[in-house]
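*Asks:* Below is a structure I'd like to ask you about.
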Amino acid sequence: MKYAFRRLSALLLTMLIVSLCTFAAFSGISGSAAEARLGTQATPERVAALREELGLNRPFAVRYAEWLSGFATGNLGDSLTYRQNVGELLRDKVLVSLLLSGMSFALIVLCSIPLSLLVVRWAGTSLDVAHTLWNQFCMSVPPFFTGLLLSWVFGVALHWFTPGAFPGLSRTGEALHFLLFPAVAIAIPRIAMTVRMLRGTLLRELNRDYVRTAISRGSDRNSVLRRHVLKNALTPAVAFLAQMMAEIVAGVIVVEQVFGIPGLGRMLVVSISNRDYPVVQAIVVILAFWVVASNTAADLINVRIDPRLALRDE
Amino acid sequence: MNAPLLTIADLRVRFHNRDHDAVAGVSLSIGQGEIVGLVGESGSGKTVTAMSVAGLLPRKRCDYSGTILLDGVELLHADRRILRGIQGRSIGVVFQDPLSCMDPLMKVGAQVEETLLLHTDLSKAERRQMALEALAAVELPNPERVYNSWPHELSGGMRQRACIAAAVVIRPALLLLDEPTTALDVTVQAQILELLKKLNRESGISMLFISHNLGVVRKLCTRAAVMQNGVIVEEGDTERVFRHPRHAYTRRLIDAIPTRDGRRESA
Amino acid sequence: MSALTRASPFGMNREMMKRNYYLCAGLALTGVLAAVTLVGFFWTPYDSAAMSADKFLPPCAAHIFGTDNFGRDIFSRVMEGAGTSFMIALSTIVIGASGGIVLGAVTGYFGGLADEILIRVGDALTAFPSILLALVVISLLGPGKPVNLVISLGLVFIPGFARVTRAAYAEAREINYVKSVRLMGASHARIMLVHILPNTAPVLLSALTIGFNNAVLAEASMSYLGIGVTPPDASLGYMLSEAQSVFGRAPWYALSTGGVMILFLFGVGLIGEGLRVREGEIL
């Protein structure tokens with residue numbers, strides 16, 4: 001419990017720092033961006049009025065505190081482009097992006113575990129080389145290229161879904177069906193990375209002394225794996241998969257563009273082009289929170305698997 | 001004398017990545033209820049000999065020949081499946097480092113029970129009962145608590161006792177001990193030796209005790225064999241080997257025993 | 001990296017090369033692609049911007065990758081685009097690696113408070129998607145300029161290199177060899193440069209290959225999103241976004257552009273694999 005408390009407060013602290021840095025960075029330039037928006041009409045009076053309207057004249061600490069509380073209340077200020085509250089603007093998009101990253105994550109977990117158990121058997125054989133080559137190749141395929149191929153083959157040619165026409169979250173079944181394709185595109189290189197990591201971990205664990213002990217008791221390979229090795233390989237795997245969440249989010253940002261999915265990534269790209277900083281900073285903090293929270297969740301899961309972890313730090 | 005429990009005849013092992021035999025023609029036998037010490041410096045082949053008996057040779061990565069008979073059953077060339085029926089059931093093994101040899105993520109009780117799970121049809125409650133008895137038999141205080149502990153929660157000596165309990169829980173005919181006291185403090189070492197003697201006395205279990213320390217072997221074993229470069233250079237009654245060593249290497253090993261500690265322990 | 005031996009950092013003799021197929025294959029593949037790319041800086045079969053009436057020509061003898069919707073020769077465009085991608089990735093790595101190595105070497109070697117802070121900040125930063133960080137930096141600098149793209153990517157790659165270098169230097173600091181050189185009167189700078197750096201080379205080289213691939217991918221992603229390289233410049237990523245809109249008419253555009261990029265990443269990935277095999281890493 002103490003460990004959980006420590007982890008959660010570390011999560012909060014990290015997010016405070018991240019949000020503070022983000023807010024500070026963007027508030028430095030958002031004033032000038034707003035002025036730029038006025039263009040040729042920028043008289044001193046208009047600029048002053050605009051600064052007043054955007055609340056740029058109040059102390060930094062007050063503005064930061066207000067903005068931060070907006071993540072709870074949903075009031076994150078107004079978008080400069082859409083003249084709409086950022087919270088409302090992003091609400092559905094957050095869910096879409098989280099769903100997509102969750103599906104990619106599920107695919108990675110479901111595929112890489114059996115695959116790594118398979119390739120571990122190949123270690124030291126000639127199949128090992130073939131696997132390494134194939135694995136390296138899969139890691140080299142950028143998700144947006146796979147996405148492009150998938151959206152053409154399954155969308156345009158086979159009509160399994162319509163690229164660019166995301167059905168919306170209210171039609172859950174269709175939405176999941178649609179998101180499966182981008183999820184695959186994101187997952188392929190990550191599956192390769194995960195298989196590679198799991199293979200290394202499993203091989204390392206299989207060489208440990210406790211495996212020899214289990215064999216000396218008469219265990220066969222499968223029961224050694226099932227009873228001992230898998231559990232020991234689990235903690236590094238969970239930590240790795242949590243780090244993989246950062247990679248998945250990177251994939252989501254790009255692949256949303258390929259498939260025309262109205263999510264955070266697409267909104268982020270559009271807002272950066274429009275210099276719509278209230279939107280950008282909110283999305284950055286949300287995505288960062290998603291990644292950091294995944295890592296904290298992994299820590300909390302791992303300490304349940306391996307009680308030694310709670311003793312390790314501090 | 002009865003037929004020996006274990007007979008090793010002309011055992012040879014050579015690993016593929018080495019250019020000399022790790023074991024170069026070892027013959028050794030262990031009688032029922034006997035404790036035999038196998039002594040030698042690291043690399044002398046004593047551990048490889050023991051691993052061959054325990055069925056832990058990496059068969060794909062070495063050439064091996066000879067025979068190992070346990071109660072008339074050939075082990076060295078036995079089919080994996082047959083071997084698995086003997087490992088744990090008839091041969092228990094205790095290794096050097098009790099920390100790394102225990103699964104860090106499995107409670108001690110479950111590890112002690114593992115042999116029962118693999119080789120018997122006992123119910124969960126019965127297995128637990130036997131594990132608790134084994135933990136008590138190795139003189140662990142509060143077996144109940146140890147049963148529910150994680151390996152990292154025990155001290156080195158307690159861990160090694162738990163490992164011994166795990167090896168003898170099913171009452172195998174032969175116990176292989178590969179430097180079981182090397183990683184322990186001297187006082188704990190003496191206690192473990194006493195425990196092994198007691199187990200041998202009470203349940204008649206035969207033991208092959210591997211050590212680089214002749215002093216330890218002298219305290220425990222009735223017979224001793226000295227290994228160097230893959231061959232046994234001297235073998236005989238422990239006291240005889242000690243008092244009248246015939247081989248120069250044995251003499252060197254005896255000279256290497258720190259006398260003060262040795263005397264104090266044996267007192 | 002167990003013992004500090006003064007081996008040449010690139011000391012792969014012929015014997016090693018023979019056995020290290022990954023390294024050979026990677027070097028060969030990357031070498032061929034790099035050579036073609038290099039030629040593209042000076043000469044391309046056609047003017048890559050020249051439009052013609054031959055629109056949507058499939059690959060043929062005259063245009064081995066076909067032509068696009070403006071009748072431009074795709075092979076020439078790929079040569080040039082690969083050059084842009086390559087240069088941006090290279091500059092990114094130069095900024096990221098030099099910044100990271102200096103930072104990591106100094107903090108790792110001297111330790112102390114700066115070291116602690118760097119570890120914490122690095123841990124936090126490496127947890128973030130690199131592309132998200134790069135997007136933040138570029139939106140602060142202003143999108144659409146290649147210089148800003150290089151700066152933002154370069155900055156983002158610093159923590160990763162700093163982390164790897166720091167670990168290697170912190171380890172080397174404790175080794176007796178380094179301590180004895182210090183007692184013999186060598187200056188800190190000399191120890192860091194002459195005595196430790198060559199020994200960190202295997203780790204750093206492997207990190208460089210991974211970093212390079214990440215830089216190519218990040219550049220491609222950002223240019224694809226329209227935030228990196230913009231016309232009239234073309235990089236592989238930007239060309240893929242162009243190719244997507246004409247995929248139905250000219251699938252060879254996307255396939256050849258993507259294919260070249262994948263082969264590039266694959267080749268460098270193999271080099272990294274080979275370097276790690278040479279280091280005896282099982283991973």
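Residues are referred to by chain and number: the chain letter is A, B, ... according to the order shown in the structure tokens, the number counts from 1 in that chain, and ligands are numbered separately from 1 in the order shown.
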Could the residues of chain B within 9 Å of chain A, counting only C-alpha atoms, be given as a PyMOL selection string, please?

*Replies:* chain B and resi 54-56+80-81+83-89+91-95+97+99-106+111+114-115+118-119+150+152+167

*Asks:* Would you list the contacts of stretch 138-141 of chain A as a count of residues only, taking every protein, DNA or RNA residue within 8 Å and counting only C-alpha atoms, but skipping same-chain residues closer than 5 positions in sequence?

*Replies:* 11

*Asks:* Between C:Val102, C:Val78, C:Ala186, C:Ile138, which has the minimum distance to C:Ala254 (counting only C-alpha atoms)?

*Replies:* C:Val78

*Asks:* Counting only C-alpha atoms, give me one row per residue of chain A with an atom at most 9 Å from an atom of chain C, showing the shortest contact pair and its distance in Å to one decimal, sorted by chain then residue number, as CSV.

*Replies:*
```
residue,atom,partner,partner_atom,distance
A:Thr14,CA,C:Ala124,CA,7.6
A:Val18,CA,C:Ala124,CA,8.9
A:Thr22,CA,C:Val136,CA,8.5
A:Ala25,CA,C:Leu140,CA,7.6
A:Phe26,CA,C:Leu140,CA,7.1
A:Ile29,CA,C:Leu140,CA,7.2
A:Val129,CA,C:Tyr22,CA,9.0
A:Thr132,CA,C:Glu273,CA,8.7
A:Leu133,CA,C:Leu270,CA,7.8
A:Gln136,CA,C:Phe266,CA,6.3
A:Phe137,CA,C:Phe266,CA,5.5
A:Cys138,CA,C:Phe266,CA,8.5
A:Met139,CA,C:Phe266,CA,7.8
A:Ser140,CA,C:Leu265,CA,5.2
A:Val141,CA,C:Ile262,CA,5.7
A:Pro142,CA,C:Leu217,CA,6.8
A:Phe144,CA,C:Ser221,CA,7.5
A:Phe145,CA,C:Gly258,CA,6.4
A:Leu148,CA,C:Gln244,CA,6.6
A:Leu149,CA,C:Leu255,CA,8.6
A:Trp152,CA,C:Phe247,CA,7.6
A:Val156,CA,C:Gly248,CA,8.2
A:Arg196,CA,C:Leu283,CA,7.0
A:Met197,CA,C:Leu283,CA,6.5
A:Leu198,CA,C:Leu283,CA,8.8
A:Arg199,CA,C:Leu283,CA,7.5
A:Gly200,CA,C:Leu283,CA,4.5
A:Thr201,CA,C:Leu283,CA,7.6
A:Leu203,CA,C:Ile282,CA,8.2
A:Arg204,CA,C:Ile282,CA,8.3
A:Gln243,CA,C:Ala127,CA,6.5
A:Met245,CA,C:Pro129,CA,8.4
A:Ala246,CA,C:Pro129,CA,4.6
A:Glu247,CA,C:Pro129,CA,5.7
A:Ile248,CA,C:Pro129,CA,8.1
A:Val249,CA,C:Pro129,CA,6.6
A:Ala250,CA,C:Pro129,CA,5.3
A:Gly251,CA,C:Pro129,CA,8.9
A:Ile253,CA,C:Leu132,CA,8.2
A:Val254,CA,C:Ser221,CA,6.4
A:Gln257,CA,C:Leu225,CA,7.1
A:Val258,CA,C:Gln244,CA,8.4
A:Arg266,CA,C:Leu225,CA,8.9
A:Leu268,CA,C:Leu135,CA,8.7
A:Val269,CA,C:Leu225,CA,7.0
A:Ile272,CA,C:Ser139,CA,5.7
A:Ser273,CA,C:Pro143,CA,6.9
A:Arg275,CA,C:Ser139,CA,7.3
A:Tyr277,CA,C:Ser139,CA,8.6
A:Val280,CA,C:Val136,CA,8.1
A:Gln281,CA,C:Val136,CA,8.4
A:Val284,CA,C:Leu132,CA,7.3
A:Leu287,CA,C:Leu132,CA,8.5
A:Ala288,CA,C:Phe128,CA,6.6
A:Val291,CA,C:Phe128,CA,6.9
A:Val292,CA,C:Ala127,CA,7.2
A:Asn295,CA,C:Ala127,CA,8.4
```

*Asks:* Closest to C:Val106 among C:Thr165, C:Asn148, C:Ser256, C:Thr230, using only C-alpha atoms?

*Replies:* C:Thr165

*Asks:* Stretch 221-229 of chain B: which residues within 6 Å, counting only C-alpha atoms, same-chain residues fewer than 6 positions away excluded, as a PyMOL selection string?

*Replies:* chain B and resi 35-40+44+235-238

*Asks:* Can you tell me, as a PyMOL selection string, which residues in stretch 39-144 of chain B count as helix (DSSP H, G or I) by DSSP?

*Replies:* chain B and resi 46-54+59-61+80-86+108-119+124-137+143-144

*Asks:* Contacts of stretch 64-80 of chain A at 9 Å or less, counting only C-alpha atoms, minus same-chain residues fewer than 3 places along, as a PyMOL selection string?

*Replies:* chain A and resi 16+19-20+23-24+34+54+59-61+83-89+91+274-279+282+286

*Asks:* Work out how far atom CA of C:Ala134 is from atom CA of A:Leu264, in Å to one decimal.

*Replies:* 16.0 Å

*Asks:* Work out how far apart atom CA of C:Ser152 and atom CA of C:Ile95 are and give it in Å to one decimal.

*Replies:*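 A separation of 9.9 Å between them.
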
*Asks:* Quick one: residues within 9 Å of stretch 194-204 of chain B, only C-alpha atoms counted, chain neighbours fewer than 4 positions away excluded, as a PyMOL selection string?

*Replies:* chain B and resi 32-35+137-139+161+164+171+173+189-190+220-221

*Asks:* Can you pull out the residues contacting stretch 111-113 of chain A? Cut-off 8 Å, using only C-alpha atoms, and skip same-chain residues under 3 positions away; I want them as a PyMOL selection string.

*Replies:* chain A and resi 107-108+116-117+191-192+194-195+198

*Asks:* Interatomic distance between atom CA of B:Gly66 and atom CA of A:Leu206?

*Replies:*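 Separation between atom CA of B:Gly66 and atom CA of A:Leu206: 28.5 Å.
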
*Asks:* Could you give me, as a list in words, the residues within 8 Å of stretch 67-69 of chain C, counting only C-alpha atoms and dropping anything in the same chain fewer than 5 positions from it?

*Replies:*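 Answer for this query is Asp54, Lys55, Phe56, Leu57, Pro58, Pro59, Ile74, Val246, Ala250 and Tyr253 of chain C.
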
*Asks:* Suppose we keep N, CA and C atoms; can you now write the selection as a PDB file, in the first residue's frame?

*Replies:*
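Printed below is part.pdb as written:
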```pdb
ATOM      1  N   ASP C  54       3.690  12.529 -69.668  1.00  0.00           N
ATOM      2  CA  ASP C  54       3.616  11.094 -69.347  1.00  0.00           C
ATOM      3  C   ASP C  54       3.153  10.901 -67.911  1.00  0.00           C
ATOM      4  N   LYS C  55       1.842  11.118 -67.658  1.00  0.00           N
ATOM      5  CA  LYS C  55       1.344  10.983 -66.297  1.00  0.00           C
ATOM      6  C   LYS C  55       1.044   9.527 -65.986  1.00  0.00           C
ATOM      7  N   PHE C  56       1.216   9.157 -64.725  1.00  0.00           N
ATOM      8  CA  PHE C  56       0.829   7.839 -64.234  1.00  0.00           C
ATOM      9  C   PHE C  56       1.388   6.695 -65.054  1.00  0.00           C
ATOM     10  N   LEU C  57       2.639   6.864 -65.526  1.00  0.00           N
ATOM     11  CA  LEU C  57       3.252   5.747 -66.240  1.00  0.00           C
ATOM     12  C   LEU C  57       3.680   4.688 -65.228  1.00  0.00           C
ATOM     13  N   PRO C  58       3.304   3.442 -65.450  1.00  0.00           N
ATOM     14  CA  PRO C  58       3.788   2.391 -64.552  1.00  0.00           C
ATOM     15  C   PRO C  58       5.288   2.181 -64.782  1.00  0.00           C
ATOM     16  N   PRO C  59       5.958   1.509 -63.850  1.00  0.00           N
ATOM     17  CA  PRO C  59       7.403   1.286 -64.006  1.00  0.00           C
ATOM     18  C   PRO C  59       7.723   0.680 -65.370  1.00  0.00           C
ATOM     19  N   ILE C  74       9.533   9.219 -60.853  1.00  0.00           N
ATOM     20  CA  ILE C  74       9.510   8.909 -59.422  1.00  0.00           C
ATOM     21  C   ILE C  74      10.891   8.496 -58.927  1.00  0.00           C
ATOM     22  N   VAL C 246      -2.762   9.670 -54.594  1.00  0.00           N
ATOM     23  CA  VAL C 246      -2.901   9.130 -55.952  1.00  0.00           C
ATOM     24  C   VAL C 246      -2.707   7.619 -55.957  1.00  0.00           C
ATOM     25  N   ALA C 250      -1.695   5.414 -59.138  1.00  0.00           N
ATOM     26  CA  ALA C 250      -0.267   5.098 -59.248  1.00  0.00           C
ATOM     27  C   ALA C 250       0.265   4.469 -57.965  1.00  0.00           C
ATOM     28  N   TYR C 253       3.978   4.599 -56.878  1.00  0.00           N
ATOM     29  CA  TYR C 253       4.582   5.771 -56.241  1.00  0.00           C
ATOM     30  C   TYR C 253       4.799   5.472 -54.747  1.00  0.00           C
TER      31      TYR C 253
END
```
